[in-house]
Amino acid sequence: MASSNTGFSTAQKGICITLAAQPHTECTLQEPLDFEGVGLHSGAPVRMRLIPAAAGSGIVFRRTDLDNFEIPANGRNVARVSYATSLMRQGVLISTTEHLLSAFIGHSVDNVIVELDNLEVPILDGSALPYVEAFLRTGLKPQRRRREYLRILKPVEVTENSKDGTKFIGIYPGTGYQIDYRIHFSAPIGTSRFLGDLDTGAYADLIAPARTFGFREDEPMLRNMGLIRGATDACAILIGAGKIQNGPLRFDDEFVRHKVLDLIGDLALAGRRIQGRVVAERAGHAMHTALVSRLMKDRSAWDLAHVYDDESQEQTEPAHAAFTRTAHA
Ligand SMILES: [Zn+2]
């Protein structure tokens with residue numbers, strides 16, 4: 001799939017695009033959607049059914065293999081696992097939720113019951129594209145309830161020093177849902193940066209198709225640890241000996257776009273779509289979920305707001321209305 005890149009212009013159109021793309025009322029699926037595959041980490045075969053749900057109910061996972069045990073997708077149920085984001089309640093696990101939750105937030109889908117007959121969400125092609133294609137095929141159903149956004153009121157930051165450099169993630173007041181993500185890896189990934197605003201409605205074209213990626217060098221260790229039992233060439237970009245082993249890429253900066261996809265999915269665990277600006281550098285699931293935990297603990301850092309208002313717009317520089325790609329630096 002070729003990059004359609006931006007196709008939107010910036011600041012002066014920002015608010016109009018925002019309002020047109022986001023009606024600010026909740027949304028569910030038009031009809032149930034079925035998926036089948038294996039979990040990337042567990043290798044477990046799984047059938048998943050996404051079921052339309054009532055306004056105000058949010059995203060709730062349901063383990064049909066465990067008497068329909070339910071786990072709401074929110075920060076209270078985050079389990080820290082290094083290679084994926086998982087939910088746990090009373091010892092029951094739902095693993096690798098991030099790509100599905102990213103698709104829900106990216107498409108403003110608020111209320112869904114996610115039925116699974118095993119512990120891990122299927123990896124499919126390693127991106128959020130299969131979900132987005134299904135949403136576009138069957139349509140979404142607007143609901144009457146006004147959407148509550150998690151509006152950021154003051155900065156919350158997490159910093160961690162590592163041997164590869166300082167990892168950072170911060171969230172700030174702002175309009176829309178702006179993301180500024182930087183990654184630094186060795187060749188062929190290199191350094192790249194992605195800037196965008198989710199409220200432009202560009203998620204389906206610019207973020208959803210970006211696939212997860214992994215390094216051949218890490219494969220024996222990860223296999224020994226039982227962390228990639230479901231990995232195949234069809235569900236991730238594989239990098240080995242400084243080259244991409246199973247090209248072509250869907251975007252020349254597909255790696256940073258996937259980090260943005262993961263970020264959106266992980267921050268979904270705040271329980272509401274964000275209104276604010278996120279800056280991340282060398283971050284990953286652990287940093288993303290650490291930010292969610294810190295945010296949930298600091299009740300003065302956010303409130304729940306129905307629509308954008310003038311007050312919050314004055315706090316920021318003009319919104320960049322489109323996802324704009326910054327060339328490899
Ligand atoms: Zn991912």
# chains A, B, ... in the order shown; residues from 1 in each chain; ligands from 1

$ residues_near_ligand --ligand "ligand 1" --cutoff "10 Å" --atoms "only C-alpha atoms and all ligand atoms" --output "VMD selection string"
chain A and resid 83 to 85 96 to 100 102 123 126 to 128 210 to 213 236 255 257 to 263 265 to 266 284 to 285

$ write_last_selection --atoms "C-alpha atoms" --output "tab-separated table (two decimals), in the first residue's frame"
chain	number	residue	atom	x	y	z
A	83	TYR	CA	6.42	-7.13	24.75
A	84	ALA	CA	2.75	-6.22	24.55
A	85	THR	CA	0.05	-4.52	26.54
A	96	THR	CA	-1.93	-7.90	23.18
A	97	THR	CA	-4.86	-5.51	23.16
A	98	GLU	CA	-3.06	-2.55	21.59
A	99	HIS	CA	-3.74	-2.91	17.85
A	100	LEU	CA	-7.46	-3.52	18.31
A	102	SER	CA	-5.85	1.60	18.47
A	123	ILE	CA	-2.16	-10.72	15.54
A	126	GLY	CA	0.53	-7.19	12.56
A	127	SER	CA	-1.32	-3.92	11.92
A	128	ALA	CA	-4.77	-2.43	12.56
A	210	ALA	CA	1.70	0.12	9.69
A	211	ARG	CA	2.85	-3.34	10.87
A	212	THR	CA	4.75	-4.41	13.93
A	213	PHE	CA	8.41	-5.27	13.46
A	236	ALA	CA	5.53	-8.62	11.21
A	255	PHE	CA	8.29	1.65	11.86
A	257	ARG	CA	3.98	4.85	12.23
A	258	HIS	CA	3.58	1.52	14.00
A	259	LYS	CA	4.89	3.09	17.21
A	260	VAL	CA	2.17	5.74	16.81
A	261	LEU	CA	-0.39	2.95	16.27
A	262	ASP	CA	0.76	1.23	19.49
A	263	LEU	CA	0.75	4.51	21.42
A	265	GLY	CA	-3.85	1.68	21.50
A	266	ASP	CA	-1.98	1.83	24.80
A	284	GLY	CA	7.41	1.56	23.93
A	285	HIS	CA	4.60	-0.34	25.65

$ select_by_dssp --residues "region 191-234 of chain A" --states "alpha helix (DSSP H)" --output "PyMOL selection string"
chain A and resi 203-206+219-224

$ write_last_selection --atoms "N, CA and C atoms" --output "PDB file, in the first residue's frame"
ATOM      1  N   TYR A 203      -6.329   8.482  10.283  1.00  0.00           N
ATOM      2  CA  TYR A 203      -5.839   7.232  10.876  1.00  0.00           C
ATOM      3  C   TYR A 203      -5.881   6.058   9.889  1.00  0.00           C
ATOM      4  N   ALA A 204      -6.988   5.895   9.203  1.00  0.00           N
ATOM      5  CA  ALA A 204      -7.157   4.712   8.346  1.00  0.00           C
ATOM      6  C   ALA A 204      -6.078   4.636   7.278  1.00  0.00           C
ATOM      7  N   ASP A 205      -5.738   5.762   6.703  1.00  0.00           N
ATOM      8  CA  ASP A 205      -4.757   5.765   5.613  1.00  0.00           C
ATOM      9  C   ASP A 205      -3.322   5.785   6.107  1.00  0.00           C
ATOM     10  N   LEU A 206      -3.071   6.531   7.175  1.00  0.00           N
ATOM     11  CA  LEU A 206      -1.679   6.823   7.530  1.00  0.00           C
ATOM     12  C   LEU A 206      -1.120   6.006   8.675  1.00  0.00           C
ATOM     13  N   GLU A 219      15.383 -13.248  17.708  1.00  0.00           N
ATOM     14  CA  GLU A 219      14.419 -14.331  17.550  1.00  0.00           C
ATOM     15  C   GLU A 219      14.718 -15.551  18.440  1.00  0.00           C
ATOM     16  N   PRO A 220      15.982 -16.054  18.465  1.00  0.00           N
ATOM     17  CA  PRO A 220      16.228 -17.243  19.308  1.00  0.00           C
ATOM     18  C   PRO A 220      15.902 -16.983  20.773  1.00  0.00           C
ATOM     19  N   MET A 221      16.302 -15.817  21.274  1.00  0.00           N
ATOM     20  CA  MET A 221      16.041 -15.506  22.681  1.00  0.00           C
ATOM     21  C   MET A 221      14.521 -15.418  22.948  1.00  0.00           C
ATOM     22  N   LEU A 222      13.822 -14.699  22.065  1.00  0.00           N
ATOM     23  CA  LEU A 222      12.379 -14.520  22.257  1.00  0.00           C
ATOM     24  C   LEU A 222      11.640 -15.858  22.137  1.00  0.00           C
ATOM     25  N   ARG A 223      12.100 -16.715  21.212  1.00  0.00           N
ATOM     26  CA  ARG A 223      11.471 -18.044  21.074  1.00  0.00           C
ATOM     27  C   ARG A 223      11.722 -18.878  22.325  1.00  0.00           C
ATOM     28  N   ASN A 224      12.960 -18.815  22.826  1.00  0.00           N
ATOM     29  CA  ASN A 224      13.280 -19.562  24.054  1.00  0.00           C
ATOM     30  C   ASN A 224      12.433 -19.103  25.227  1.00  0.00           C
TER      31      ASN A 224
END

$ closest_residue --among "A:Ala187, A:Val256, A:Leu295, A:Leu269" --to "Phe104 (chain A)" --atoms "only C-alpha atoms"
A:Leu269

$ atom_distance --atom1 "CA of Val158 (chain A)" --atom2 "CA of His288 (chain A)"
9.0 Å

$ select_by_dssp --residues "region 38-269 of chain A" --states "strand (DSSP E)" --output "MDAnalysis selection string"
chainID A and resid 38 45:52 59:63 69:72 78:79 86:89 92:95 112:116 140:146 149:152 156:162 165:172 177:184 191:197 213:215 237:240 243:244
